[in-house]
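So the structure is just underneath, and the comments pick up after that.
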Amino acid sequence: MVAEDPVFGRICYGGFLEETGEGLKVTCHDGVGRRFHYIGTEGRIHTECTHGEWASAGICISGDCSRITLKAESGPWKKESLAVRILIEDFGDYRLAGTDTVIRGGEWAALSVPEGEAEFVLERICVAHE
């Protein structure tokens, strides 16, 4: 989990955080690697990887949260299809790059992959209004 703490600043719990000129790169290191949460001052991102885990440095968030990249992988021992769920709150709507799939702000979205690994690139198409 990455949190924008009002006292301590940006903190990563259960993982490694690298801040680059492009934004944030996160490697989950909680022993399971299936869930990731970003709790920011302007919005929240919740993700869950079923029948797999987030790849090393598999979560990238641009500085303004307009682009989110998620890399998931399933191990060879997994028989079920890799599935990802994502909920984006207060940042607006996103489109899954290269598709017509829209992830509506405030609604859980399920993305599935037949096997192996997948990279999901989400690009903001509409900013949330209060």
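Naming works like this for the structure tokens: A, B, ... for the chains as they're shown, residue 1 at the start of each chain, ligands 1 onward in shown order.
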
Check: Quick one: residues within 10 Å of range 116-122 of chain A, only C-alpha atoms counted, chain neighbours fewer than 6 positions away excluded, as an MDAnalysis selection string?
Finding: chainID A and resid 52:55 58:61 65:76 78 81:84 93:98 101:103

Next item on the list: Fewer than 6 positions away in the same chain doesn't count, so skip those; otherwise give me all residues within 9 Å of Glu42 in chain A, counting only C-alpha atoms, as a ChimeraX atom specification.
Entry: /A:89-91

Check: What gap, in Å, lies between CA of Ala109 in chain A and CA of Phe16 in chain A?
Finding: 25.7 Å

Checklist line | Length of the CA of His46 in chain A to CA of Leu87 in chain A vector [Å] | finding: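 So the answer is 5.1 Å.
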
Next item on the list: For Cys12 in chain A, please output as JSON, numbers by chain all residues within 12 Å (counting only C-alpha atoms; exclusion window: fewer than 2 positions along the same chain).
Entry: {"A": [1, 2, 3, 4, 5, 8, 9, 10, 14, 15, 16, 17, 18, 19, 24, 25, 26, 27, 28, 29, 30, 36, 37, 38, 39, 40]}

Please produce a file of those selected residues containing N, CA, C and O atoms, as a compact mmCIF listing (two decimals), in the first residue's frame.
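out-v6.txt, written as the output of this step:
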```txt
# COMPACT_ATOMS: atom_id res chain seq x y z
N MET A 1 0.84 -1.17 0.00
CA MET A 1 0.00 0.00 0.00
C MET A 1 0.89 1.23 0.00
O MET A 1 1.86 1.30 0.71
N VAL A 2 0.51 2.19 -0.82
CA VAL A 2 1.17 3.49 -0.83
C VAL A 2 0.16 4.51 -0.30
O VAL A 2 -0.98 4.55 -0.77
N ALA A 3 0.58 5.29 0.67
CA ALA A 3 -0.29 6.30 1.26
C ALA A 3 0.39 7.66 1.24
O ALA A 3 1.59 7.76 1.45
N GLU A 4 -0.41 8.66 0.97
CA GLU A 4 0.05 10.05 1.04
C GLU A 4 -0.30 10.54 2.45
O GLU A 4 -1.39 11.02 2.69
N ASP A 5 0.62 10.38 3.38
CA ASP A 5 0.38 10.74 4.76
C ASP A 5 0.58 12.24 4.95
O ASP A 5 1.60 12.78 4.51
N PHE A 8 3.89 12.46 7.41
CA PHE A 8 5.14 11.82 6.99
C PHE A 8 5.39 11.83 5.49
O PHE A 8 6.43 11.41 5.03
N GLY A 9 4.41 12.26 4.72
CA GLY A 9 4.57 12.27 3.26
C GLY A 9 4.19 10.93 2.66
O GLY A 9 3.42 10.17 3.22
N ARG A 10 4.77 10.61 1.53
CA ARG A 10 4.45 9.37 0.81
C ARG A 10 5.16 8.19 1.47
O ARG A 10 6.38 8.20 1.63
N GLY A 14 4.60 -2.60 3.09
CA GLY A 14 4.58 -3.93 2.49
C GLY A 14 5.08 -3.96 1.06
O GLY A 14 4.62 -4.75 0.25
N GLY A 15 6.04 -3.10 0.75
CA GLY A 15 6.59 -3.09 -0.60
C GLY A 15 7.73 -2.11 -0.73
O GLY A 15 8.16 -1.49 0.25
N PHE A 16 8.23 -2.00 -1.94
CA PHE A 16 9.30 -1.07 -2.25
C PHE A 16 8.76 -0.02 -3.20
O PHE A 16 8.09 -0.34 -4.18
N LEU A 17 9.07 1.23 -2.94
CA LEU A 17 8.60 2.35 -3.74
C LEU A 17 9.78 3.05 -4.36
O LEU A 17 10.74 3.39 -3.68
N GLU A 18 9.71 3.25 -5.68
CA GLU A 18 10.72 4.02 -6.40
C GLU A 18 10.03 5.20 -7.06
O GLU A 18 9.08 5.01 -7.82
N GLU A 19 10.49 6.38 -6.75
CA GLU A 19 9.93 7.59 -7.35
C GLU A 19 10.83 7.99 -8.51
O GLU A 19 12.02 8.20 -8.34
N LEU A 24 5.47 6.82 -9.97
CA LEU A 24 5.80 5.84 -8.94
C LEU A 24 5.90 4.45 -9.53
O LEU A 24 5.08 4.05 -10.35
N LYS A 25 6.89 3.67 -9.07
CA LYS A 25 7.00 2.25 -9.40
C LYS A 25 6.96 1.51 -8.08
O LYS A 25 7.72 1.82 -7.16
N VAL A 26 6.07 0.53 -7.99
CA VAL A 26 5.88 -0.19 -6.75
C VAL A 26 6.11 -1.68 -6.98
O VAL A 26 5.60 -2.25 -7.93
N THR A 27 6.86 -2.28 -6.06
CA THR A 27 7.03 -3.73 -6.02
C THR A 27 6.41 -4.21 -4.72
O THR A 27 6.85 -3.80 -3.64
N CYS A 28 5.38 -5.03 -4.83
CA CYS A 28 4.75 -5.57 -3.62
C CYS A 28 5.72 -6.57 -2.99
O CYS A 28 6.30 -7.40 -3.68
N HIS A 29 5.89 -6.46 -1.69
CA HIS A 29 6.80 -7.36 -0.99
C HIS A 29 6.18 -7.73 0.35
O HIS A 29 6.81 -7.64 1.39
N ASP A 30 4.93 -8.14 0.27
CA ASP A 30 4.20 -8.47 1.49
C ASP A 30 4.08 -9.97 1.70
O ASP A 30 3.37 -10.42 2.59
N PHE A 36 -3.00 -4.41 -3.93
CA PHE A 36 -2.28 -3.13 -3.87
C PHE A 36 -3.31 -2.02 -3.71
O PHE A 36 -4.36 -2.04 -4.34
N HIS A 37 -2.96 -1.06 -2.86
CA HIS A 37 -3.83 0.09 -2.63
C HIS A 37 -2.99 1.36 -2.70
O HIS A 37 -1.88 1.39 -2.18
N TYR A 38 -3.53 2.36 -3.35
CA TYR A 38 -2.93 3.69 -3.35
C TYR A 38 -3.95 4.62 -2.70
O TYR A 38 -5.08 4.74 -3.17
N ILE A 39 -3.56 5.24 -1.61
CA ILE A 39 -4.44 6.16 -0.90
C ILE A 39 -3.80 7.54 -1.01
O ILE A 39 -2.83 7.86 -0.32
N GLY A 40 -4.30 8.32 -1.94
CA GLY A 40 -3.74 9.64 -2.20
C GLY A 40 -4.61 10.75 -1.64
O GLY A 40 -5.71 10.51 -1.14
```

Note to self: So that I can check the secondary structure, give me every residue of range 27-86 of chain A assigned strand (DSSP E or B) by backbone DSSP, as a ChimeraX atom specification.
What the structure shows: /A:27-28,35-39,44-50,53-62,67-73,82-86

Writer output for current selection, N, CA, C and O atoms, as a short mmCIF file (atom, residue, chain, number, x, y, z; two decimals), in the first residue's frame:
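Below is the file that was written, result-v1.cif:
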```cif
data_model
loop_
_atom_site.label_atom_id
_atom_site.label_comp_id
_atom_site.auth_asym_id
_atom_site.auth_seq_id
_atom_site.Cartn_x
_atom_site.Cartn_y
_atom_site.Cartn_z
N THR A 27 6.86 -2.28 -6.06
CA THR A 27 7.03 -3.73 -6.02
C THR A 27 6.41 -4.21 -4.72
O THR A 27 6.85 -3.80 -3.64
N CYS A 28 5.38 -5.03 -4.83
CA CYS A 28 4.75 -5.57 -3.62
C CYS A 28 5.72 -6.57 -2.99
O CYS A 28 6.30 -7.40 -3.68
N ARG A 35 -2.60 -7.92 -3.53
CA ARG A 35 -3.39 -6.70 -3.39
C ARG A 35 -2.49 -5.49 -3.35
O ARG A 35 -1.39 -5.53 -2.82
N PHE A 36 -3.00 -4.41 -3.93
CA PHE A 36 -2.28 -3.13 -3.87
C PHE A 36 -3.31 -2.02 -3.71
O PHE A 36 -4.36 -2.04 -4.34
N HIS A 37 -2.96 -1.06 -2.86
CA HIS A 37 -3.83 0.09 -2.63
C HIS A 37 -2.99 1.36 -2.70
O HIS A 37 -1.88 1.39 -2.18
N TYR A 38 -3.53 2.36 -3.35
CA TYR A 38 -2.93 3.69 -3.35
C TYR A 38 -3.95 4.62 -2.70
O TYR A 38 -5.08 4.74 -3.17
N ILE A 39 -3.56 5.24 -1.61
CA ILE A 39 -4.44 6.16 -0.90
C ILE A 39 -3.80 7.54 -1.01
O ILE A 39 -2.83 7.86 -0.32
N ARG A 44 -8.22 7.34 -4.66
CA ARG A 44 -7.75 6.03 -4.23
C ARG A 44 -7.80 5.03 -5.38
O ARG A 44 -8.69 5.11 -6.22
N ILE A 45 -6.89 4.08 -5.33
CA ILE A 45 -6.85 2.98 -6.30
C ILE A 45 -6.74 1.69 -5.50
O ILE A 45 -5.86 1.57 -4.64
N HIS A 46 -7.62 0.72 -5.77
CA HIS A 46 -7.60 -0.56 -5.09
C HIS A 46 -7.49 -1.64 -6.17
O HIS A 46 -8.27 -1.63 -7.13
N THR A 47 -6.56 -2.57 -6.01
CA THR A 47 -6.41 -3.65 -6.99
C THR A 47 -6.27 -4.98 -6.27
O THR A 47 -5.77 -5.06 -5.15
N GLU A 48 -6.69 -6.02 -6.96
CA GLU A 48 -6.57 -7.37 -6.44
C GLU A 48 -6.28 -8.31 -7.60
O GLU A 48 -6.94 -8.26 -8.64
N CYS A 49 -5.30 -9.15 -7.42
CA CYS A 49 -4.89 -10.11 -8.44
C CYS A 49 -5.24 -11.51 -7.91
O CYS A 49 -4.74 -11.94 -6.88
N THR A 50 -6.14 -12.20 -8.62
CA THR A 50 -6.58 -13.53 -8.21
C THR A 50 -5.89 -14.57 -9.07
O THR A 50 -5.78 -14.41 -10.29
N GLU A 53 -0.05 -12.98 -9.04
CA GLU A 53 0.51 -11.94 -8.19
C GLU A 53 1.03 -10.80 -9.06
O GLU A 53 1.19 -10.96 -10.27
N TRP A 54 1.28 -9.66 -8.43
CA TRP A 54 1.86 -8.53 -9.15
C TRP A 54 3.32 -8.81 -9.42
O TRP A 54 4.05 -9.26 -8.55
N ALA A 55 3.75 -8.55 -10.64
CA ALA A 55 5.13 -8.78 -11.03
C ALA A 55 6.05 -7.80 -10.31
O ALA A 55 5.61 -6.78 -9.79
N SER A 56 7.34 -8.09 -10.30
CA SER A 56 8.31 -7.19 -9.70
C SER A 56 8.25 -5.84 -10.41
O SER A 56 8.27 -5.78 -11.63
N ALA A 57 8.18 -4.77 -9.63
CA ALA A 57 7.99 -3.41 -10.17
C ALA A 57 6.81 -3.39 -11.13
O ALA A 57 6.83 -2.69 -12.14
N GLY A 58 5.79 -4.17 -10.79
CA GLY A 58 4.66 -4.35 -11.69
C GLY A 58 3.56 -3.32 -11.59
O GLY A 58 2.57 -3.42 -12.28
N ILE A 59 3.72 -2.34 -10.72
CA ILE A 59 2.70 -1.31 -10.59
C ILE A 59 3.36 0.05 -10.80
O ILE A 59 4.30 0.40 -10.09
N CYS A 60 2.89 0.77 -11.80
CA CYS A 60 3.43 2.09 -12.11
C CYS A 60 2.26 3.07 -12.19
O CYS A 60 1.27 2.80 -12.86
N ILE A 61 2.43 4.20 -11.52
CA ILE A 61 1.39 5.23 -11.51
C ILE A 61 2.05 6.55 -11.88
O ILE A 61 3.03 6.96 -11.24
N SER A 62 1.53 7.21 -12.93
CA SER A 62 2.11 8.49 -13.33
C SER A 62 1.90 9.52 -12.23
O SER A 62 1.03 9.36 -11.38
N ARG A 67 -2.21 7.79 -15.79
CA ARG A 67 -1.84 6.53 -16.43
C ARG A 67 -1.42 5.54 -15.33
O ARG A 67 -0.60 5.86 -14.48
N ILE A 68 -2.02 4.36 -15.37
CA ILE A 68 -1.73 3.32 -14.39
C ILE A 68 -1.36 2.06 -15.17
O ILE A 68 -2.09 1.64 -16.06
N THR A 69 -0.21 1.48 -14.85
CA THR A 69 0.22 0.25 -15.49
C THR A 69 0.30 -0.84 -14.43
O THR A 69 0.93 -0.67 -13.39
N LEU A 70 -0.36 -1.97 -14.70
CA LEU A 70 -0.38 -3.10 -13.79
C LEU A 70 0.14 -4.33 -14.53
O LEU A 70 -0.38 -4.69 -15.58
N LYS A 71 1.17 -4.97 -13.98
CA LYS A 71 1.71 -6.20 -14.58
C LYS A 71 1.47 -7.34 -13.61
O LYS A 71 1.95 -7.32 -12.48
N ALA A 72 0.70 -8.33 -14.06
CA ALA A 72 0.37 -9.48 -13.23
C ALA A 72 0.91 -10.74 -13.88
O ALA A 72 1.04 -10.81 -15.10
N GLU A 73 1.22 -11.72 -13.05
CA GLU A 73 1.70 -13.00 -13.59
C GLU A 73 1.17 -14.14 -12.73
O GLU A 73 0.94 -13.98 -11.54
N LEU A 82 -5.80 -16.22 -14.64
CA LEU A 82 -5.38 -15.02 -13.94
C LEU A 82 -6.49 -13.98 -14.07
O LEU A 82 -7.05 -13.79 -15.14
N ALA A 83 -6.85 -13.34 -12.97
CA ALA A 83 -7.89 -12.32 -12.99
C ALA A 83 -7.46 -11.13 -12.14
O ALA A 83 -6.81 -11.30 -11.12
N VAL A 84 -7.85 -9.95 -12.58
CA VAL A 84 -7.51 -8.72 -11.87
C VAL A 84 -8.80 -7.94 -11.65
O VAL A 84 -9.63 -7.83 -12.55
N ARG A 85 -8.95 -7.41 -10.44
CA ARG A 85 -10.06 -6.51 -10.14
C ARG A 85 -9.47 -5.17 -9.76
O ARG A 85 -8.43 -5.12 -9.10
N ILE A 86 -10.14 -4.11 -10.17
CA ILE A 86 -9.64 -2.78 -9.88
C ILE A 86 -10.79 -1.83 -9.58
O ILE A 86 -11.85 -1.91 -10.21
#
```

Checklist line | Nearest residue to Ser112 in chain A from the set A:Gly23, A:Arg124, A:Val32, A:His51 (distances using only C-alpha atoms) | finding: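 Distance minimum relative to Ser112 in chain A lands on A:His51.
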
Next item on the list: Point out the residue among A:Ile88, A:Ile125, A:Glu22, A:Asp64 with the least atom-to-atom distance to Gly106 in chain A, counting only C-alpha atoms.
Entry: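 Smallest distance to Gly106 in chain A is found for A:Ile88.
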
Next item on the list: Between CA of Val7 in chain A and CA of Gly43 in chain A, measure the distance and give it in Å to one decimal.
Entry: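 These two atoms are separated by 17.6 Å.
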